[in-house]
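Since the structure comes first, as structure tokens, the remarks are kept for the end.
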Amino acid sequence: MKLPLIGGGRVLAPLEESAFAALMGFFFGGILLVVLGYNPILTYYYMFYGGLGSLSNVTDMLGNAAPLILTALTFAVGVRAGLFNIGAEGQVYVGAGGAIYASYYFLPAGIHLGFALVLAGAAGALMAVPTYLLKAYRGVNEVITTIMLNWTAYFGVLWVAIVLLADPARPEKTISVAPTSRFPDFLLGSVSTSALLFAIAVAAAFYVYLWLTPSGYELRSVGLNPEAARFSGINPRKPLLSALLLGGASAGLAGAVQVAGRTTPFALYTGLSNVLNYGYNGIGVALIGRNHPLGIIVAGLFFGTLQAGFSTVQLYARVPFEIIQVIEGIIIFTVAAPELYRRFRGSLKK
Amino acid sequence: MASPTKELVKTSNLTKTYPDGTQALTGVDFSVTKGEIHGLLGENGAGKTTLSKILSGILKPTSGEIYIKGNLVRMKRPSDALGLGIGMVHQHFALVRPFSAFENIVLGTDLNPTGERAKEAKASIADLAKGVGLQVTLDSPVESLALGAQQRVEILKMLYRNVDILILDEPTSSLTIKETGELFKSLLKLKEEGKCVIFITHKLREVMDFCDSITVLRQGKVTGRISKSEASPITLATMMVGRTVEFELKRSPMTPGDEVFTIDNLTLLDREGKEVVKDLSLKVRRGEIFGIAGVEGNGQTELAEAIAGIRRVAKGSIRLKGTETEGKSSSVIRRHGAGLIPEDRRQMGLILEMNLDENVILGKQRDLQFRGSLTSIAWRKVRQFTSDLMKKFEITAKGPESPARSLSGGNQQKVVVSRELSSDPDFIVAAQPTRGLDVAATEYIRKLLLDSRGGGKAVLLISAELDEILQLSDQIGVMYEGRLIGVGAAETMSRERIGLLMGGIVA
């Protein structure tokens with residue numbers, strides 16, 4: 001069976017494919033739950049209840065989805081350019097740091113948020129520059145540089161959070177983001193809804209860039225066939241730079257969303273616990289969304305729902321945290337499997 | 001004919017059809033007797049490599065029989081061939097570069113290279129090497145050895161496995177003259193020991209000097225089998241290039257116009273700094289097709305890359321309409337009036353995953369004719385352009401939205417050619433423009449090139465297909481080892497003369 005790739009208006013087939021894969025994942029996860037002696041129906045019920053069961057659950061879920069959509073875009077634009085960019089993780093940290101730093105300035109509401117977002121995006125993009133330079137001029141693989149930069153960012157932001165941005169009254173956290181630079185709560189009474197709309201707008205912008213501009217076209221050309229792109233006169237460094245900078249900015253914005261677009265705590269804690277793993281989880285979201293901005297929006301909401309269900313499943317279905325994670329892993333893997341197969345079957349054959 | 005018992009290898013009615021329908025071998029009867037060096041001669045795509053891969057167990061024949069030492073055999077994998085005493089040394093060596101020569105030689109056998117028996121094995125390999133004159137420093141890592149020494153490691157690897165039929169695929173292509181001489185000395189020693197060597201090449205001189213008998217392949221068929229005493233360069237060249245003309249194309253007389261494209265004393269280097277194109281000069285005028293013939297791998301690819309602006313020029317100059325193109329990107333060179341048809345349409349000409357709309361604007365994505373609001377690409381205008389090209393160039397596809405991968409080879413090439421011709425260039429480079437195409441598509445593409453010539457364009461045709469060169473060209477030159485030899489007007493170049501030049505013989 002040959003399924004068309006997403007894009008060019010054919011969105012339905014990939015949706016059907018993903019829905020089927022998700023059902024398979026729930027089925028296999030269910031078998032595991034039965035074997036381990038838990039009630040799968042109850043578990044899944046509370047998993048979705050946690051994400052969709054009440055208004056606050058829904059806004060919580062949307063808050064999960066927003067940063068994931070943004071970090072998934074980082075990975076996806078990299079894949080489109082032929083990269084395996086896993087630098088989103090560190091870029092989220094610096095983006096969060098940048099958004100908090102903006103609160104040292106006093107600006108009117110609206111403008112202040114814009115300023116914080118610009119700082120966050122710029123910080124994320126800046127974090128990608130070493131990867132670009134090393135890849136473009138020294139041929140260093142981006143996987144290596146982004147992994148190392150993720151750690152650099154972690155300890156760098158940790159230091160900044162403790163030394164420069166620390167809350168004088170509460171040393172375990174940074175200062176809180178100023179109310180003027182938070183996402184507005186005009187929808188459903190939560191900042192998360194406007195954060196999600198913002199993430200969707202960024203995804204739409206990525207779509208326009210990739211499919212409607214010459215620069216985006218060049219990026220996709222290099223990703224699909226670098227040799228043909230070079231023969232056509234495209235300088236491969238330009239798409240490389242675009243993919244890394246745009247991806248870095250998007251991940252930086254995910255950091256901003258995490259500190260300025262979630263109900264609590266509007267700050268970073270020492271250990272950066274509230275911004276960890278969004279970069280890595282974004283890879284899974286990108287794969288589920290077929291590395292397509294529109295697919296990523298759907299995938300982000302799906303992933304956000306699963307994540308929101310964590311605590312309710314523990315609390316009401318009494319399934320231990322570790323097992324829920326295994327179940328989630330199975331579901332995510334089966335949904336991502338078709339895309340993994342398509343992307344990597346070529347490399348296995350060679 | 002030698003008596004059957006002396007035939008070490010014999011094939012009968014061997015046929016190979018690849019899954020994509022390519023008929024690589026048709027009814028090949030081939031035999032090699034004990035203690036001979038047998039030359040296997042042919043142009044690119046004649047079937048030499050396919051035949052050798054079948055004999056060494058890498059490929060399975062579609063039909064026909066193989067007899068080794070008189071017994072009918074069926075080989076499923078290379079190890080089966082090795083078990084029967086057949087070993088092949090590929091053109092590109094299969095060595096583990098950081099391993100020592102010794103480790104490479106014993107790799108895959110049950111000998112532990114650091115075990116107790118290693119010492120004896122090393123001594124016996126050294127003896128073996130000395131006996132046939134294949135000296136190698138066994139403890140050096142292979143990557144530190146010269147190409148000639150790496151080849152000796154490959155041959156020793158086979159001899160260590162007690163191979164008595166040795167197949168060498170283009171063994172001299174990467175060797176220096178001195179190394180080539182040493183290789184032949186060793187091969188003669190192996191022959192004295194009663195082993196037989198199958199020597200695949202396109203170089204006439206080597207075949208004439210070292211082979212006892214020769215089989216010539218052309219288009220998958222044996223066109224001759226002769227002994228050394230009967231062979232002359234001219235008979236071999238004729239057998240190799242044949243004289244069939246599949247179709248007639250009218251080439252009306254043209255008076256060439258002014259000079260459009262000039263190359264002066266061009267030298268190009270490969271990654272290792274070796275000269276791959278040497279001091280090459282040529283001129284192409286309006287209304288003229290300049291054909292560069294030659295066996296592939298003699299610098300044509302690099303020449304085409306330099307013209308397209310994707311390979312650095314070491315020395316000399318390339319000028320298009322009087323302007324130096326050195327250091328300019330291919331999009332600038334295109335805008336200056338060049339149409340660039342690459343030799344590998346699937347790798348360089350097209351992006352197979354993209355649809356036709358996306359492929360026809362490759363390299364033109366920033367052209368004003370496709371610009372919409374805010375510098376976006378106006379896909380509506382592109383769609384119109386694609387439809388026009390499909391109509392004009394008879395491109396058969398489901399529609400402009402079909403991925404390029406789904407098209408046949410001929411239609412893929414039409415997409416590339418139509419894209420390059422659509423900007424009405426003054427100069428066209430066509431590298432191997434009909435390779436792998438069926439007869440109808442071949443004829444169509446050739447006709448397009450002739451029409452371009454008729455329209456007063458300058459065309460540089462680079463082709464390993466001799467018929468194509470002879471059919472289309474006004475001027476012909478042959479590339480051999482990076483040099484353009486024997487340039488002349490088409491009328492003065494006979495098929496035999498070009499065949500000799502392709503084999504490196506300047507008559």
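So you can find residues: chains in the structure tokens are A, B, ... in the order shown, residues in each start at 1, and ligands are numbered from 1 in order.
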
Q | Neighbours of chain B in chain A at 10 Å, counting only C-alpha atoms, as a PyMOL selection string | A | chain A and resi 5+8+208-209+211-218+220-235

Q: Assign secondary structure with DSSP using the backbone only, and return the residues of stretch 38-281 of chain A in alpha helix (DSSP H) as a PyMOL selection string.
A: chain A and resi 40-52+55-80+88-101+111-138+142-159+191-212+214-224+226-231+237-260+278-281

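Separating atom CA of B:Asn411 from atom CA of B:Gly220 is a distance of 24.8 Å.
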
Q. What does the distance between atom CA of B:Ala430 and atom CA of B:Gly21 come to in Å, to one decimal place?
A. 25.2 Å

(Q) Report as a PyMOL selection string all protein, DNA and RNA residues lying within 12 Å of B:Arg271, evaluated on only C-alpha atoms, omitting residues in the same chain fewer than 2 positions from it. (A) chain B and resi 268-269+273-276+302+311-312+314

(Q) Excluding A:Ile111 and its own-chain neighbours fewer than 3 positions away, which residues fall within 12 Å of it when counting only C-alpha atoms? Please give them as JSON, numbers by chain. (A) {"A": [102, 103, 105, 106, 107, 108, 114, 115, 116, 117, 118, 180, 181, 182, 183]}

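Coordinates place atom CA of B:Val9 at a distance of 6.9 Å from atom CA of B:Thr33.
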